[in-house]
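To keep things clear, I will list the structure first and then write my remarks on it.
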Amino acid sequence: MRLIPSLKRLTTLFGAALALLPLGAIVHAQAPAPTPAATTPEASPAPAPTAAAWDAAKQGDENGLTSADFTTKFEKADAPELSGGDTAWMLVSTALVLFMTPGLALFYAGMGRAKNVLNILMQSFIAMSIVTVVWVVVGYSLAFAPGSDFIGGMDFMMLNKVGQTTFVWNGTKMAIPHQVFMCFQMMFAVITPALISGAIVERMKFSAYCVFIALWSLVVYSPMAHMVWGAGGFLFKKGALDFAGGTVIHMTSGFSALVLAILLGKRRLSAHEDTRPHSLPMTLIGTGILWFGWFGFNGGSAGASGGLAGSAFMVTHIAAAVAGLVWCLIEWVHVKQPTALGFASGAVAGLVAITPASGFVTATSAIIIGAVVPFISYGAIQLKNKLGKYDDTLDVFAVHGLGGTWGAIATGIFADEKVNSLVTASIKPEDGGRGHLMTAQFLSIGLAILFGVVGTFVITMLVKVLFKGIAVSVNEEEAGLDLTQHGETGYVYGNGGAEVSFSGGHGVPAMAPNFDPVESTK
């Protein structure tokens, strides 16, 4: 009978999805026809168009979008010409960022126990579907459409007005199709809530996790993305710099992971259980994929295939290499042996730290950023292990939360106008110079923490009520989440101790007769 409430919830969600279909059809019918593509140079910063330019643009297609911060409609003379080279680079970058999510799945799954490997993998893979749907329906609009200082409007709902035309975004002429930009940003939205899963592996109901990430992407991610990158966003106007997501992605997910881990509670482990990673080779493969994909993550954030993309590409690799090396050296001193897991953790921490700074700093600064972050993250992990107050299983807070925080601060310290002309506007002497930029950076850090902590707390309380607890039962946790949440196991042998029987012509795993799940109230 436990299935009845779940079926009711699924029916409600399915009905809501069906209800959106007519709306999508109406919006699609109203969408402007695509315009022919042309060829042009890379995107470049430009002053905000004049009122006369907006007035001229308003004479065009009535379904177009014209605002002081974002326009997708032009008179022919004012339109950025589409660049085939920039478009190709952004399509490749989009694919690279998507590839990071399976890489993250492997990175996390290798550190878990064998009986939970499929569940950990699924927590990343399901985000690729859930967040995509949310992003298309309303997430992109809330993040990037013109609206208030803190949240976007509904102009881009169901991707209305998101076509094949070029556009101007916060004064920058983008020589790529709007649809390509939307897809690139969608991959950022996909991986961000998946990062949180590392803190709660091996003990959260899969159904509750699915609803959590859907709500989180709307309540936390979209507003934060709008403030930093969106049309007329609050932090953008304040001069805060975040090239590829130190605050938007890593800080929000890291601090959210900490809150969720505390609210969910620790794993119920017996004294004899072996919690060591079951496959470090899998984790290292995931590390390599993440490192590879990060070139699109940071390099693609240039929005074009020019010199800035090359600079971001270069410093991304440098910071990761330095951080992996320094983490190994720290372990060599502290525990007398460098570990594979340590190198993987260090490299990822370096990638996290350089993310917000990647489009603003030199190679020398990248070395410093990469060298400092292992001390911060490694120290936080040691402190967590010593205090034992919460169970952030895969140390998401230490690597992403604190690594992203250091990256945001380092961006303010090392941002160089010779690398990116956007820095010039943030360090004008009449506005207070470097002090003005640092103020904006700390403001963005504070808002990322606020949205991550408060948003996650509210969402978790709501999901707890909906699912009568978000933690699996003691019996389910002991048997393993592969079996209890998905009805299958990752390995034919060595299932981590779960008692499994097989039935049916295809060897479908079935719970043993003595398996007695108990509802959780956590």
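Chains: A, B, ... in order of the structure tokens. Residues: from 1 per chain. Ligands: from 1, in order shown.
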Problem - Met90 (chain A) surroundings by only C-alpha atoms, 10 Å radius, close-in-sequence under 2 positions cut, as a list in words - result: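 My list of contacting residues is Gly84, Gly85, Asp86, Thr87, Ala88, Val92, Ser93, Thr94, Ala95, Leu96, Ile176, Pro177, Val180, Phe181, Cys183, Phe184, Gly296, Gly299, Gly300, Ser301, Ala302, Gly303, Ala304 and Ser305 of chain A.
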Within 8 Å of Met438 (chain A) using only C-alpha atoms, minus same-chain residues under 5 positions, as a ChimeraX atom specification = /A:409,412-413
Can you write just those residues out, N, CA, C and O atoms, as a PDB file, in the first residue's frame?
ATOM      1  N   ILE A 409      37.089  35.599  -4.203  1.00  0.00           N
ATOM      2  CA  ILE A 409      37.975  36.595  -3.580  1.00  0.00           C
ATOM      3  C   ILE A 409      39.204  36.834  -4.459  1.00  0.00           C
ATOM      4  O   ILE A 409      39.617  37.980  -4.695  1.00  0.00           O
ATOM      5  N   GLY A 412      38.742  39.170  -7.377  1.00  0.00           N
ATOM      6  CA  GLY A 412      38.846  40.578  -7.021  1.00  0.00           C
ATOM      7  C   GLY A 412      40.283  41.034  -6.836  1.00  0.00           C
ATOM      8  O   GLY A 412      40.644  42.147  -7.205  1.00  0.00           O
ATOM      9  N   ILE A 413      41.105  40.148  -6.295  1.00  0.00           N
ATOM     10  CA  ILE A 413      42.506  40.501  -6.033  1.00  0.00           C
ATOM     11  C   ILE A 413      43.327  40.565  -7.324  1.00  0.00           C
ATOM     12  O   ILE A 413      44.116  41.500  -7.534  1.00  0.00           O
TER      13      ILE A 413
END
- Task: Pull the helix (DSSP H, G or I) assignments for region 70-243 of chain A out of DSSP run on the backbone, and list those residues as an NGL selection string.
- Result: :A and (76-78 or 84-111 or 114-144 or 157-159 or 178-199 or 206-229 or 234-238)
Which residue of A:Phe70, A:Phe442, A:Phe467, A:Phe457 approaches Lys238 (chain A) most closely, using only C-alpha atoms:
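Closest residue, counting only C-alpha atoms: A:Phe442.
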Open item on the list: I want to know what sits within 12 Å of Leu329 (chain A), based on only C-alpha atoms, with residues of the same chain fewer than 5 positions away left out; could you give that as a PyMOL selection string?
Closed with: chain A and resi 322-324+334-339+342-343+346+371+374-375+378
Check which residues of region 252-346 of chain A sit at most 12 Å from region 469-479 of chain A using only C-alpha atoms, and return one row each with the closest pair of atoms and their distance in Å to one decimal, ordered by chain and rising number, as a Markdown table.
| residue | atom | partner | partner_atom | distance |
| --- | --- | --- | --- | --- |
| A:Leu260 | CA | A:Ile470 | CA | 10.2 |
| A:Ala261 | CA | A:Ala471 | CA | 10.6 |
| A:Ile262 | CA | A:Ala471 | CA | 11.7 |
| A:Leu263 | CA | A:Ile470 | CA | 9.3 |
| A:Leu264 | CA | A:Ala471 | CA | 6.3 |
| A:Gly265 | CA | A:Ala471 | CA | 8.1 |
| A:Lys266 | CA | A:Ala471 | CA | 9.7 |
| A:Arg267 | CA | A:Glu477 | CA | 8.0 |
| A:Arg268 | CA | A:Val474 | CA | 6.8 |
| A:Leu269 | CA | A:Glu478 | CA | 8.2 |
| A:Ser270 | CA | A:Glu478 | CA | 9.2 |
| A:Glu273 | CA | A:Glu478 | CA | 9.8 |
*Excluding region 352-358 of chain A and any residue of its chain fewer than 4 positions from it, enumerate the residues within 9 Å of it, using only C-alpha atoms, and give them as a PyMOL selection string.*
chain A and resi 241-247+250+294+297-299+311-316+319-320+347-348+362+366+369-370+373+399-400+402-408+410-412+414-415
task = Rank A:Tyr108, A:Ile196, A:Gly487, A:Thr283 by their smallest atom-to-atom distance to Thr252 (chain A), using only C-alpha atoms, and report the top residue only.
result =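 Counting only C-alpha atoms, the residue closest to Thr252 (chain A) is A:Ile196.
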What's the 8 Å shell around Val396 (chain A), counting only C-alpha atoms, without same-chain residues fewer than 6 positions away, as a CSV table (one decimal) with all heavy atoms, in the first residue's frame?
chain,number,residue,atom,x,y,z
A,195,LEU,N,26.1,18.6,-8.5
A,195,LEU,CA,27.2,18.8,-7.6
A,195,LEU,C,26.8,18.5,-6.1
A,195,LEU,O,27.6,17.9,-5.3
A,195,LEU,CB,27.8,20.2,-7.7
A,195,LEU,CG,28.5,20.5,-9.0
A,195,LEU,CD1,28.9,22.0,-9.0
A,195,LEU,CD2,29.8,19.7,-9.2
A,196,ILE,N,25.6,18.9,-5.8
A,196,ILE,CA,25.1,18.8,-4.4
A,196,ILE,C,25.0,17.3,-4.0
A,196,ILE,O,25.2,17.0,-2.8
A,196,ILE,CB,23.7,19.5,-4.2
A,196,ILE,CG1,23.8,20.9,-4.6
A,196,ILE,CG2,23.1,19.2,-2.8
A,196,ILE,CD1,22.5,21.6,-4.6
A,198,GLY,N,26.9,14.9,-4.1
A,198,GLY,CA,28.1,14.3,-3.5
A,198,GLY,C,28.0,14.3,-1.9
A,198,GLY,O,28.6,13.5,-1.3
A,199,ALA,N,27.3,15.3,-1.4
A,199,ALA,CA,27.2,15.4,0.1
A,199,ALA,C,26.2,14.5,0.7
A,199,ALA,O,26.2,14.3,1.9
A,199,ALA,CB,26.8,16.9,0.4
A,254,GLY,N,27.9,24.3,-3.1
A,254,GLY,CA,28.7,23.9,-2.0
A,254,GLY,C,28.0,24.2,-0.6
A,254,GLY,O,27.9,23.3,0.3
A,257,ALA,N,24.9,22.1,-0.3
A,257,ALA,CA,25.3,20.7,0.1
A,257,ALA,C,25.5,20.6,1.6
A,257,ALA,O,25.1,19.6,2.2
A,257,ALA,CB,26.5,20.3,-0.7
A,258,LEU,N,26.1,21.6,2.2
A,258,LEU,CA,26.3,21.5,3.6
A,258,LEU,C,25.0,21.5,4.4
A,258,LEU,O,24.8,20.7,5.3
A,258,LEU,CB,27.2,22.8,4.0
A,258,LEU,CG,27.4,23.0,5.5
A,258,LEU,CD1,28.2,21.8,6.1
A,258,LEU,CD2,28.1,24.3,5.8
So how far away is CA of Leu118 (chain A) from CA of Gly286 (chain A), in Å?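 Taking CA of Gly286 (chain A) as the start and CA of Leu118 (chain A) as the end point, the length is 14.8 Å.
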Spatial neighbours of Ile449 (chain A), max dist 8 Å, only C-alpha atoms, sep filter under 3 positions, as a ChimeraX atom specification = /A:251-252,255,445-446,452-453
Could you please take those selected residues and save N, CA and C atoms as a PDB file, in the first residue's frame?
ATOM      1  N   MET A 251      29.699  28.041  -5.262  1.00  0.00           N
ATOM      2  CA  MET A 251      29.328  28.463  -3.913  1.00  0.00           C
ATOM      3  C   MET A 251      27.887  28.073  -3.574  1.00  0.00           C
ATOM      4  N   THR A 252      26.976  28.304  -4.487  1.00  0.00           N
ATOM      5  CA  THR A 252      25.581  27.950  -4.177  1.00  0.00           C
ATOM      6  C   THR A 252      25.439  26.450  -3.958  1.00  0.00           C
ATOM      7  N   PHE A 255      27.458  25.407  -0.480  1.00  0.00           N
ATOM      8  CA  PHE A 255      26.779  25.746   0.772  1.00  0.00           C
ATOM      9  C   PHE A 255      25.436  25.041   0.876  1.00  0.00           C
ATOM     10  N   ILE A 445      29.513  37.076  -2.761  1.00  0.00           N
ATOM     11  CA  ILE A 445      29.744  35.922  -1.892  1.00  0.00           C
ATOM     12  C   ILE A 445      28.628  35.814  -0.851  1.00  0.00           C
ATOM     13  N   GLY A 446      28.286  36.950  -0.247  1.00  0.00           N
ATOM     14  CA  GLY A 446      27.228  36.953   0.762  1.00  0.00           C
ATOM     15  C   GLY A 446      25.884  36.521   0.199  1.00  0.00           C
ATOM     16  N   GLY A 452      21.902  30.068  -1.110  1.00  0.00           N
ATOM     17  CA  GLY A 452      22.150  28.643  -0.955  1.00  0.00           C
ATOM     18  C   GLY A 452      21.615  28.090   0.347  1.00  0.00           C
ATOM     19  N   VAL A 453      21.880  28.773   1.445  1.00  0.00           N
ATOM     20  CA  VAL A 453      21.491  28.281   2.769  1.00  0.00           C
ATOM     21  C   VAL A 453      19.982  28.387   2.977  1.00  0.00           C
TER      22      VAL A 453
END
Exercise. What are the DSSP strand (DSSP E) residues of region 84-189 of chain A, as a ChimeraX atom specification?
Worked result: /A:167-169,172-174
- Message: Taking only C-alpha atoms into account, name the residue in A:Glu75, A:Gly388, A:Ser129, A:Gly379 that is nearest to Ala214 (chain A).
- Response: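 Selected residue with least distance to Ala214 (chain A): A:Ser129.
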